[in-house]
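Undergrad: Following this line is my_file_18.tsv, made up of TSV, C-alpha atoms:
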chain	number	residue	atom	x	y	z
J	1	MET	CA	67.19	67.81	116.49
J	2	SER	CA	68.44	64.72	118.30
J	3	ARG	CA	71.77	64.44	120.10
J	4	ILE	CA	73.02	62.16	117.34
J	5	THR	CA	72.12	64.39	114.40
J	6	ARG	CA	73.36	67.63	115.97
J	7	PRO	CA	77.09	66.71	115.63
J	8	LEU	CA	76.46	65.43	112.11
J	9	VAL	CA	74.81	68.68	111.07
J	10	ALA	CA	77.62	70.69	112.71
J	11	SER	CA	80.24	68.62	110.89
J	12	ALA	CA	78.46	69.04	107.55
J	13	LEU	CA	78.22	72.78	108.12
J	14	CYS	CA	81.96	72.96	108.89
J	15	LEU	CA	82.75	71.05	105.70
J	16	ALA	CA	80.49	73.31	103.66
J	17	LEU	CA	82.08	76.41	105.12
J	18	ALA	CA	85.55	75.01	104.49
J	19	GLY	CA	84.72	75.04	100.77
J	20	CYS	CA	84.09	78.79	101.06
J	21	ALA	CA	87.43	79.48	102.70
J	22	ALA	CA	88.98	80.80	99.47
J	23	VAL	CA	86.52	83.72	99.17
J	24	PRO	CA	88.62	86.14	101.31
J	25	ASP	CA	91.46	85.53	98.87
J	26	PHE	CA	89.46	87.44	96.24
J	27	TRP	CA	89.00	90.64	98.21
J	28	PRO	CA	89.57	91.74	101.79
J	29	ALA	CA	86.76	92.46	104.19
J	30	ARG	CA	86.42	96.13	104.92
J	31	THR	CA	87.52	96.57	108.49
J	32	GLN	CA	86.95	99.69	110.47
J	33	ALA	CA	90.07	101.71	110.96
J	34	ALA	CA	90.81	103.18	114.36
J	35	ALA	CA	90.34	106.55	112.68
J	36	ALA	CA	89.56	107.29	109.07
J	37	PRO	CA	92.74	108.25	107.22
J	38	THR	CA	93.31	111.93	106.75
J	39	GLY	CA	93.82	113.44	103.36
J	40	ILE	CA	90.80	111.96	101.57
J	41	ALA	CA	91.44	114.45	98.79
J	42	GLY	CA	94.04	111.94	97.58
J	43	ALA	CA	91.25	109.37	97.16
J	44	GLU	CA	89.30	111.75	94.95
J	45	ASP	CA	92.44	112.66	93.02
J	46	LEU	CA	92.95	108.98	92.16
J	47	ILE	CA	89.41	108.55	90.82
J	48	ARG	CA	89.49	111.89	89.01
J	49	ALA	CA	92.74	110.88	87.28
J	50	LEU	CA	91.12	107.63	86.11
J	51	PHE	CA	88.06	109.33	84.67
J	52	GLU	CA	90.19	111.97	82.94
J	53	ALA	CA	92.74	109.55	81.45
J	54	PRO	CA	92.10	109.24	77.69
J	55	ASP	CA	93.25	105.61	77.52
J	56	TRP	CA	91.77	104.23	80.77
J	57	GLU	CA	90.56	100.67	80.34
J	58	GLY	CA	88.40	100.54	83.47
J	59	THR	CA	88.63	97.24	85.32
J	60	GLY	CA	90.40	95.72	82.31
J	61	GLY	CA	93.97	96.14	81.24
J	62	PRO	CA	97.20	94.58	82.40
J	63	ARG	CA	98.01	93.73	86.04
J	64	GLN	CA	100.16	96.86	86.59
J	65	ALA	CA	97.40	99.15	85.30
J	66	ARG	CA	94.91	97.56	87.70
J	67	LEU	CA	97.32	97.67	90.64
J	68	ALA	CA	97.75	101.41	90.04
J	69	TRP	CA	94.22	102.01	91.33
J	70	MET	CA	92.80	98.76	92.79
J	71	THR	CA	93.78	96.97	95.96
J	72	PRO	CA	95.98	93.97	95.17
J	73	ALA	CA	93.15	91.62	96.19
J	74	LEU	CA	90.61	93.30	93.90
J	75	ALA	CA	93.09	93.49	91.00
J	76	GLU	CA	93.96	89.78	91.31
J	77	ALA	CA	90.30	88.78	91.58
J	78	SER	CA	89.46	90.80	88.45
J	79	LEU	CA	92.38	89.19	86.58
J	80	ARG	CA	91.21	85.70	87.61
J	81	LEU	CA	87.68	86.60	86.57
J	82	ASP	CA	88.85	87.75	83.13
J	83	ALA	CA	90.83	84.52	82.73
J	84	ALA	CA	87.81	82.40	83.74
J	85	THR	CA	85.42	84.25	81.41
J	86	ASP	CA	87.55	84.90	78.32
J	87	ASP	CA	87.74	88.61	79.26
J	88	ILE	CA	83.96	89.04	79.58
J	89	GLY	CA	84.23	89.66	83.33
J	90	VAL	CA	80.88	90.62	84.85
J	91	GLY	CA	79.41	91.57	81.45
J	92	MET	CA	79.82	95.34	81.78
J	93	GLU	CA	82.39	97.87	82.92
J	94	PRO	CA	81.64	98.41	86.63
J	95	SER	CA	83.48	101.72	86.90
J	96	VAL	CA	80.89	103.34	84.63
J	97	GLY	CA	77.98	100.88	84.89
J	98	SER	CA	77.96	100.24	81.14
J	99	ASN	CA	79.66	98.21	78.42
J	100	TYR	CA	81.42	101.32	77.11
J	101	ILE	CA	83.64	104.01	78.63
J	102	HIS	CA	82.78	107.40	77.16
J	103	VAL	CA	82.48	109.69	80.18
J	104	THR	CA	81.66	113.39	80.11
J	105	GLY	CA	80.66	115.91	82.75
J	106	ALA	CA	81.95	113.99	85.78
J	107	ARG	CA	81.21	115.50	89.19
J	108	TYR	CA	82.90	114.15	92.33
J	109	GLN	CA	81.83	114.06	95.95
J	110	THR	CA	84.16	112.51	98.53
J	111	ARG	CA	83.54	111.61	102.15
J	112	PRO	CA	85.46	109.77	104.86
J	113	THR	CA	84.22	106.32	105.87
J	114	PRO	CA	85.16	103.99	108.74
J	115	TRP	CA	87.36	102.00	106.34
J	116	GLY	CA	88.83	104.92	104.37
J	117	ALA	CA	86.97	107.04	101.83
J	118	GLU	CA	84.14	106.91	99.34
J	119	VAL	CA	84.18	108.85	96.08
J	120	HIS	CA	80.76	109.28	94.50
J	121	VAL	CA	80.94	110.16	90.83
J	122	ARG	CA	77.98	111.43	88.79
J	123	PHE	CA	78.55	111.62	85.03
J	124	LEU	CA	77.21	111.01	81.56
J	125	ASN	CA	78.41	107.87	79.85
J	126	THR	CA	77.44	107.59	76.19
J	127	ARG	CA	75.06	110.49	76.96
J	128	GLN	CA	73.24	108.49	79.66
J	129	PRO	CA	73.26	109.72	83.28
J	130	ARG	CA	75.20	107.36	85.54
J	131	GLU	CA	76.66	107.34	89.00
J	132	THR	CA	79.21	105.11	90.66
J	133	ARG	CA	80.65	104.97	94.17
J	134	PHE	CA	84.23	103.91	94.68
J	135	GLU	CA	85.09	102.54	98.12
J	136	LEU	CA	88.77	103.23	98.83
J	137	VAL	CA	91.17	102.07	101.48
J	138	MET	CA	94.64	103.34	102.32
J	139	THR	CA	97.34	100.82	101.39
J	140	ASP	CA	101.13	100.93	101.48
J	141	ALA	CA	100.93	102.18	97.88
J	142	GLY	CA	98.40	104.92	98.74
J	143	TRP	CA	94.65	105.08	98.15
J	144	ARG	CA	93.27	102.06	96.28
J	145	VAL	CA	89.74	100.99	95.28
J	146	ALA	CA	88.48	98.04	97.33
J	147	ASP	CA	85.04	97.90	95.69
J	148	ILE	CA	82.79	99.66	93.20
J	149	VAL	CA	79.07	100.23	93.79
J	150	GLY	CA	76.55	101.38	91.22
J	151	THR	CA	72.87	101.46	90.37
J	152	ASP	CA	71.31	100.01	87.25
J	153	PRO	CA	69.43	102.96	85.69
J	154	GLU	CA	66.77	100.68	84.17
J	155	THR	CA	65.94	98.54	87.21
J	156	GLY	CA	67.12	100.77	90.04
J	157	ARG	CA	68.96	97.74	91.45
J	158	THR	CA	72.12	98.57	93.38
J	159	TRP	CA	75.04	96.31	92.58
J	160	ARG	CA	78.49	95.80	94.04
J	161	TYR	CA	81.42	94.72	91.84
J	162	THR	CA	82.68	92.14	94.34
J	163	ASP	CA	79.18	90.62	94.59
J	164	GLN	CA	78.94	90.47	90.80
J	165	MET	CA	82.33	88.76	90.61
J	166	ALA	CA	81.23	86.19	93.21
J	167	GLU	CA	78.06	85.49	91.19
J	168	VAL	CA	80.04	85.02	87.97
J	169	PHE	CA	82.65	82.80	89.68
J	170	ALA	CA	79.79	80.66	91.02
J	171	ALA	CA	78.17	80.49	87.57
J	172	VAL	CA	81.49	79.44	86.01
J	173	ALA	CA	81.89	76.75	88.68
J	174	ARG	CA	78.41	75.43	87.77
J	175	GLY	CA	79.38	75.44	84.08
J	176	GLU	CA	77.01	78.31	83.30
J	177	GLY	CA	79.70	80.88	82.38
J	178	PRO	CA	78.83	84.42	81.34
J	179	ARG	CA	77.67	85.34	77.88
J	180	ASP	CA	79.21	88.04	75.73
J	181	PRO	CA	76.85	91.06	76.01
J	182	SER	CA	77.70	92.47	72.57
Before we go any further, please render this structure as structure tokens.

TA:
Amino acid sequence: MSRITRPLVASALCLALAGCAAVPDFWPARTQAAAAPTGIAGAEDLIRALFEAPDWEGTGGPRQARLAWMTPALAEASLRLDAATDDIGVGMEPSVGSNYIHVTGARYQTRPTPWGAEVHVRFLNTRQPRETRFELVMTDAGWRVADIVGTDPETGRTWRYTDQMAEVFAAVARGEGPRDPS
């Protein structure tokens, strides 16, 4: 690369990255805490309460319902995604890895992580075995979900809710919006 093109490439890269500056507004980066918060049982209690609530709407529902279990950044990103996709979101309910929420036989396993806690839930959803990991951080309001990770039972592909949201936002920006899965 010549001395003339190097500054041009660097300037173009800075401009390209400036267009990505809004991404942290959607969800915070997981930063390592000085020490993992104590009392991770509270993280499991939050997830257990969600799975046992008869009227839980998963990642849907009104802002206050989302803020009761998601970080503010994740809740706002999911609300913006619903608005941009006519409530289709990522095309499935990430909390259960399916289009429907009909959970039975949930089993929970919780462990501390550098950023907070992870609650791994194994369950049947519409009689199909599923598992989802909830990554939680401690906020001023208590434990909140910062991301959801699951595995597609058909492909074995691991997915992350925040990555799926980013893909859908990009598709919407290209005019390729999501399609209703039903």

Undergrad: Can you work out the spacing between CA of His102 (chain J) and CA of Arg80 (chain J) in Å, to one decimal?

TA: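 Result for CA of His102 (chain J) versus CA of Arg80 (chain J): 25.5 Å, one decimal.
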
Undergrad: May I ask for the distance between CA of Tyr100 (chain J) and CA of Ala41 (chain J), given in Å to one decimal place?

TA: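 Going from CA of Tyr100 (chain J) over to CA of Ala41 (chain J) covers 27.3 Å.
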
Undergrad: Report, in Å to a single decimal, how far apart CA of Pro72 (chain J) and CA of Glu176 (chain J) are.

TA: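 According to the coordinates, CA of Glu176 (chain J) and CA of Pro72 (chain J) are separated by 27.3 Å.
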
Undergrad: Which polymer residues have any atom within 10 Å of an atom of region 86-91 of chain J, counting only C-alpha atoms, with same-chain residues fewer than 3 positions away left out, as a ChimeraX atom specification?

TA: /J:59-61,78-83,94,98-99,161-169,177-182

Undergrad: With distances taken over all atoms listed in the file, which of J:Val103, J:Ala65, J:Ala43, J:Ala171 is nearest to Arg130 (chain J)?

TA: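 The answer is J:Val103, which sits nearest to Arg130 (chain J).
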
Undergrad: So that I can check the surroundings of region 150-156 of chain J, please list as a count of residues only every protein, DNA and RNA residue that reaches within 10 Å of it, counting all atoms listed in the file and ignoring chain neighbours fewer than 5 positions away.

TA: 15

Undergrad: Pick from J:Val149, J:Ala75, J:Val172, J:Val137: nearest to Gly39 (chain J), with only C-alpha atoms counted?

TA: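 Smallest separation from Gly39 (chain J) among the options: J:Val137.
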
Undergrad: Pick the closest to Val119 (chain J) from J:Glu135, J:Ala106, J:Met92, J:Ala49: which is it, counting only C-alpha atoms?

TA: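 Of the candidates, the smallest distance to Val119 (chain J) is held by J:Glu135.
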
Undergrad: How big is the axis-aligned box around the listed atoms of region 120-134 of chain J once 4 Å is added on each side, and where is its centre? Give both in Å to one decimal, as lines of an AutoDock Vina configuration file.

TA:
center_x = 78.7
center_y = 107.8
center_z = 85.4
size_x = 19.0
size_y = 15.7
size_z = 26.5
